[in-house]
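Participant: This is the content of upload_1.tsv (TSV, C-alpha atoms):
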```
chain	number	residue	atom	x	y	z
J	1	PRO	CA	13.71	-30.46	-34.94
J	2	SER	CA	14.46	-28.08	-37.76
J	3	THR	CA	17.49	-28.65	-39.96
J	4	ALA	CA	17.75	-24.95	-40.84
J	5	CYS	CA	20.32	-22.91	-39.02
J	6	PRO	CA	18.96	-20.34	-36.59
J	7	PRO	CA	19.77	-16.68	-37.09
J	8	ILE	CA	22.91	-15.78	-35.15
J	9	VAL	CA	23.42	-12.15	-34.15
J	10	PRO	CA	26.83	-11.19	-35.61
J	11	ARG	CA	29.48	-9.45	-33.56
J	12	CYS	CA	29.02	-6.13	-35.37
J	13	MET	CA	25.35	-5.99	-34.30
J	14	TRP	CA	26.02	-6.40	-30.57
J	15	GLY	CA	28.95	-3.97	-30.67
J	16	ALA	CA	31.90	-6.32	-30.17
J	17	ARG	CA	35.40	-4.98	-29.76
J	18	PRO	CA	38.03	-6.43	-32.11
J	19	TYR	CA	39.66	-9.75	-31.29
J	20	ARG	CA	43.07	-9.24	-29.70
J	21	GLY	CA	45.95	-11.12	-31.24
J	22	THR	CA	45.54	-13.86	-33.82
J	23	PRO	CA	42.63	-16.29	-33.48
J	24	ARG	CA	43.43	-20.00	-33.65
J	25	LEU	CA	41.31	-22.03	-36.03
J	26	LEU	CA	39.34	-25.01	-34.76
J	27	THR	CA	39.77	-28.37	-36.50
J	28	LEU	CA	36.25	-29.39	-37.52
J	29	PRO	CA	34.09	-31.27	-36.87
J	30	LEU	CA	34.26	-30.97	-33.10
J	31	GLY	CA	33.16	-33.70	-30.72
J	32	SER	CA	31.64	-31.78	-27.83
J	33	ILE	CA	29.39	-28.98	-26.65
J	34	TYR	CA	30.00	-27.42	-23.24
J	35	ILE	CA	27.03	-25.64	-21.69
J	36	HIS	CA	27.62	-22.68	-19.37
J	37	HIS	CA	25.63	-20.01	-17.66
J	38	THR	CA	27.15	-16.58	-17.48
J	39	PHE	CA	26.47	-16.17	-13.74
J	40	ILE	CA	27.29	-12.48	-14.18
J	41	PRO	CA	25.20	-10.90	-15.54
J	42	SER	CA	22.94	-12.91	-13.24
J	43	THR	CA	19.62	-11.78	-14.69
J	44	PRO	CA	18.51	-13.28	-18.03
J	45	CYS	CA	18.40	-10.67	-20.80
J	46	ARG	CA	14.98	-10.42	-22.45
J	47	THR	CA	15.53	-7.71	-25.09
J	48	PHE	CA	18.06	-7.23	-27.85
J	49	SER	CA	19.46	-4.10	-26.21
J	50	ALA	CA	19.83	-5.83	-22.81
J	51	CYS	CA	21.48	-8.88	-24.40
J	52	SER	CA	23.82	-6.68	-26.46
J	53	ARG	CA	24.81	-4.82	-23.27
J	54	ALA	CA	25.43	-8.18	-21.56
J	55	MET	CA	27.62	-9.33	-24.47
J	56	ARG	CA	29.70	-6.13	-24.34
J	57	ALA	CA	30.05	-6.40	-20.55
J	58	MET	CA	31.18	-10.05	-20.76
J	59	GLN	CA	33.66	-9.26	-23.53
J	60	ARG	CA	35.10	-6.35	-21.50
J	61	PHE	CA	35.43	-8.60	-18.43
J	62	HIS	CA	37.05	-11.44	-20.40
J	63	GLN	CA	39.51	-9.11	-22.18
J	64	ASP	CA	40.28	-6.54	-19.48
J	65	VAL	CA	40.10	-8.60	-16.27
J	66	ARG	CA	40.87	-12.14	-17.41
J	67	GLY	CA	43.33	-11.01	-20.09
J	68	TRP	CA	41.80	-13.17	-22.82
J	69	ASP	CA	41.84	-12.31	-26.52
J	70	ASP	CA	38.04	-12.10	-26.74
J	71	ILE	CA	34.81	-13.15	-25.11
J	72	GLY	CA	35.39	-16.76	-24.10
J	73	TYR	CA	32.20	-18.37	-25.42
J	74	SER	CA	31.62	-19.62	-28.95
J	75	PHE	CA	27.97	-18.58	-28.71
J	76	VAL	CA	25.77	-16.94	-26.11
J	77	VAL	CA	22.02	-17.49	-25.79
J	78	GLY	CA	19.75	-14.70	-24.63
J	79	SER	CA	16.23	-15.05	-23.27
J	80	ASP	CA	15.20	-12.67	-26.06
J	81	GLY	CA	15.05	-15.59	-28.51
J	82	PHE	CA	18.42	-14.97	-30.15
J	83	ILE	CA	21.81	-16.62	-30.27
J	84	TYR	CA	24.76	-14.21	-30.23
J	85	GLN	CA	28.09	-14.88	-31.92
J	86	GLY	CA	31.03	-14.97	-29.54
J	87	ARG	CA	34.06	-16.60	-31.12
J	88	GLY	CA	31.73	-18.39	-33.50
J	89	TRP	CA	32.10	-21.60	-35.49
J	90	THR	CA	35.76	-21.34	-36.46
J	91	TRP	CA	37.85	-19.85	-33.60
J	92	VAL	CA	39.12	-21.67	-30.52
J	93	GLY	CA	37.33	-20.31	-27.45
J	94	ALA	CA	38.28	-19.78	-23.82
J	95	HIS	CA	35.38	-21.51	-22.10
J	96	THR	CA	36.36	-24.93	-20.74
J	97	ARG	CA	39.95	-25.25	-19.51
J	98	GLY	CA	41.73	-28.11	-21.27
J	99	TYR	CA	38.89	-28.62	-23.76
J	100	ASN	CA	38.67	-25.37	-25.72
J	101	SER	CA	39.84	-26.89	-29.00
J	102	ARG	CA	37.59	-29.96	-28.62
J	103	GLY	CA	34.20	-28.35	-28.38
J	104	TYR	CA	32.02	-25.28	-28.61
J	105	GLY	CA	31.23	-23.32	-25.47
J	106	VAL	CA	27.62	-22.14	-25.32
J	107	GLY	CA	26.66	-19.74	-22.54
J	108	TYR	CA	23.16	-18.85	-21.39
J	109	VAL	CA	22.92	-15.27	-20.10
J	110	GLY	CA	21.96	-15.45	-16.42
J	111	ASP	CA	22.58	-17.30	-13.18
J	112	PHE	CA	20.88	-20.67	-13.51
J	113	SER	CA	22.35	-22.30	-10.40
J	114	ALA	CA	18.89	-22.85	-8.93
J	115	THR	CA	16.53	-23.04	-11.92
J	116	PRO	CA	17.20	-23.82	-15.59
J	117	PRO	CA	16.59	-21.37	-18.43
J	118	ASP	CA	13.05	-21.35	-19.77
J	119	GLU	CA	12.08	-24.04	-22.26
J	120	ASP	CA	12.10	-21.78	-25.34
J	121	THR	CA	15.63	-20.61	-24.53
J	122	MET	CA	16.89	-24.19	-24.09
J	123	ALA	CA	15.10	-25.26	-27.28
J	124	LEU	CA	17.07	-22.68	-29.31
J	125	VAL	CA	20.23	-24.70	-28.68
J	126	ARG	CA	18.76	-28.20	-28.54
J	127	ASP	CA	16.44	-27.96	-31.55
J	128	GLU	CA	18.18	-25.38	-33.75
J	129	LEU	CA	21.86	-24.64	-33.04
J	130	LEU	CA	23.04	-28.21	-32.44
J	131	PRO	CA	21.23	-29.83	-35.42
J	132	CYS	CA	22.57	-26.97	-37.57
J	133	ALA	CA	26.12	-27.65	-36.34
J	134	VAL	CA	25.82	-31.36	-37.15
J	135	ASN	CA	24.18	-30.81	-40.55
J	136	THR	CA	26.84	-28.30	-41.62
J	137	GLY	CA	29.75	-30.56	-40.61
J	138	ARG	CA	30.89	-28.43	-37.66
J	139	LEU	CA	29.88	-30.95	-34.98
J	140	GLN	CA	30.16	-34.73	-35.08
J	141	PRO	CA	26.78	-36.52	-35.16
J	142	ASN	CA	27.76	-38.50	-32.04
J	143	TYR	CA	28.83	-35.39	-30.08
J	144	THR	CA	28.81	-35.27	-26.30
J	145	LEU	CA	27.02	-32.51	-24.44
J	146	ARG	CA	28.30	-31.64	-20.99
J	147	GLY	CA	27.76	-28.98	-18.40
J	148	HIS	CA	30.82	-26.84	-17.69
J	149	ARG	CA	30.82	-28.05	-14.08
J	150	GLN	CA	31.26	-31.64	-15.26
J	151	MET	CA	34.63	-30.63	-16.74
J	152	GLY	CA	36.19	-29.13	-13.61
J	153	ASP	CA	35.86	-26.15	-11.31
J	154	THR	CA	33.92	-23.17	-12.61
```
If you convert what's in this file into structure tokens, what do you get?

Facilitator:
Amino acid sequence: PSTACPPIVPRCMWGARPYRGTPRLLTLPLGSIYIHHTFIPSTPCRTFSACSRAMRAMQRFHQDVRGWDDIGYSFVVGSDGFIYQGRGWTWVGAHTRGYNSRGYGVGYVGDFSATPPDEDTMALVRDELLPCAVNTGRLQPNYTLRGHRQMGDT
């Protein structure tokens, strides 16, 4: 696995709205990663424009329907080969009830209830994002990786 950090599409490039309120800072390094799938949109996004649309739709849903300050995930992974910044490395997310300040929430765009994301998409997180997080002191070397469902109802 590479020790370099993968490119992460910043919020301004996918057209994020501003964060509402005042973000809370995470205390680093964190001990966990929580893996999600977005469920809606249910189809994996395979182009930058489709993934950007999905990011904007998720942020709108999280802010306008759920009443959250921002998109809930720390990062979102598209099937276009890119990782998109949600709340990023430093802000507490809204992804795993009771555990938001203990770990990063990483969402894969799509409904993967029946089949997992393709290998290249999973490798982005496994071989690039997570080693980067450990090597930059954002994630403990002995971190735990769990599926969102393992932490309670989804």

Participant: For Asp111 in chain J, find every residue with an atom within 10 Å (counting only C-alpha atoms), except residues of its own chain fewer than 4 positions away, and show them as a PDB file with C-alpha atoms, keeping the file's coordinate frame.

Facilitator:
```
ATOM      1  CA  HIS J  36      27.620 -22.680 -19.370  1.00  0.00           C
ATOM      2  CA  HIS J  37      25.630 -20.010 -17.660  1.00  0.00           C
ATOM      3  CA  THR J  38      27.150 -16.580 -17.480  1.00  0.00           C
ATOM      4  CA  PHE J  39      26.470 -16.170 -13.740  1.00  0.00           C
ATOM      5  CA  ILE J  40      27.290 -12.480 -14.180  1.00  0.00           C
ATOM      6  CA  PRO J  41      25.200 -10.900 -15.540  1.00  0.00           C
ATOM      7  CA  SER J  42      22.940 -12.910 -13.240  1.00  0.00           C
ATOM      8  CA  THR J  43      19.620 -11.780 -14.690  1.00  0.00           C
ATOM      9  CA  PRO J  44      18.510 -13.280 -18.030  1.00  0.00           C
ATOM     10  CA  THR J 115      16.530 -23.040 -11.920  1.00  0.00           C
ATOM     11  CA  PRO J 116      17.200 -23.820 -15.590  1.00  0.00           C
ATOM     12  CA  PRO J 117      16.590 -21.370 -18.430  1.00  0.00           C
TER      13      PRO J 117
END
```

Participant: Which of these residues is nearest to Ala16 in chain J, using all atoms listed in the file: J:Gly147, J:Gly86, J:Gly105, J:Pro141?

Facilitator: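 Nearest to Ala16 in chain J: J:Gly86.
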
Participant: Would you kindly return, as a VMD selection string, each protein, DNA or RNA residue with an atom no farther than 12 Å from any atom of Gly107 in chain J, considering all atoms listed in the file and excluding same-chain residues fewer than 3 positions away?

Facilitator: chain J and resid 33 to 41 44 54 to 55 58 71 to 79 83 to 87 93 to 96 104 110 to 112 117 121 to 122 125 147 to 148

Participant: Suppose you want the space between CA of Gly15 in chain J and CA of Arg56 in chain J; what is it in Å?

Facilitator: 6.7 Å

Participant: Excluding Gly31 in chain J and residues on its chain fewer than 5 positions from it, collect all residues at most 6 Å away from it, counting all atoms listed in the file, and give them as a ChimeraX atom specification.

Facilitator: /J:103,140,143

Participant: Mind giving me the axis-aligned box for range 37-55 of chain J with 5 Å on every side, centre plus edges in Å to one decimal, as lines of an AutoDock Vina configuration file?

Facilitator:
```
center_x = 21.3
center_y = -12.1
center_z = -20.5
size_x = 22.6
size_y = 25.9
size_z = 24.6
```

Participant: Do a neighbour search on Thr27 in chain J at 12 Å with all atoms listed in the file, toss out local chain neighbours closer than 5 positions, and write the hits as a PyMOL selection string.

Facilitator: chain J and resi 89-92+100-104+137-140

Participant: Would you mind telling me which residue in J:Pro18, J:Val9, J:Gly67, J:Arg24 lies nearest to Cys51 in chain J when using all atoms listed in the file?

Facilitator: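 Of the candidates, the smallest distance to Cys51 in chain J is held by J:Val9.
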
Participant: Please indicate the distance in Å from CA of Gly81 in chain J to CA of Arg146 in chain J, rounded to one decimal place.

Facilitator: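 Between CA of Gly81 in chain J and CA of Arg146 in chain J the gap works out to 22.1 Å.
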
Participant: For a quick check of understanding, using all atoms listed in the file, which of J:Val109, J:Phe82, J:Ala114, J:Cys45 has the smallest distance to Leu129 in chain J?

Facilitator: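 The shortest atom-to-atom distance to Leu129 in chain J comes from J:Phe82.
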
Participant: Please, what distance in Å, to one decimal, runs between CA of Leu130 in chain J and CA of Arg11 in chain J?

Facilitator: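 Between these atoms lies a distance of 19.9 Å.
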
Participant: Considering all atoms listed in the file, state which residue in the set J:Arg46, J:Asn135, J:Ser113, J:Leu124 is at the smallest distance from Pro7 in chain J.

Facilitator: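 Among J:Arg46, J:Asn135, J:Ser113, J:Leu124, it is J:Leu124 that comes nearest to Pro7 in chain J.
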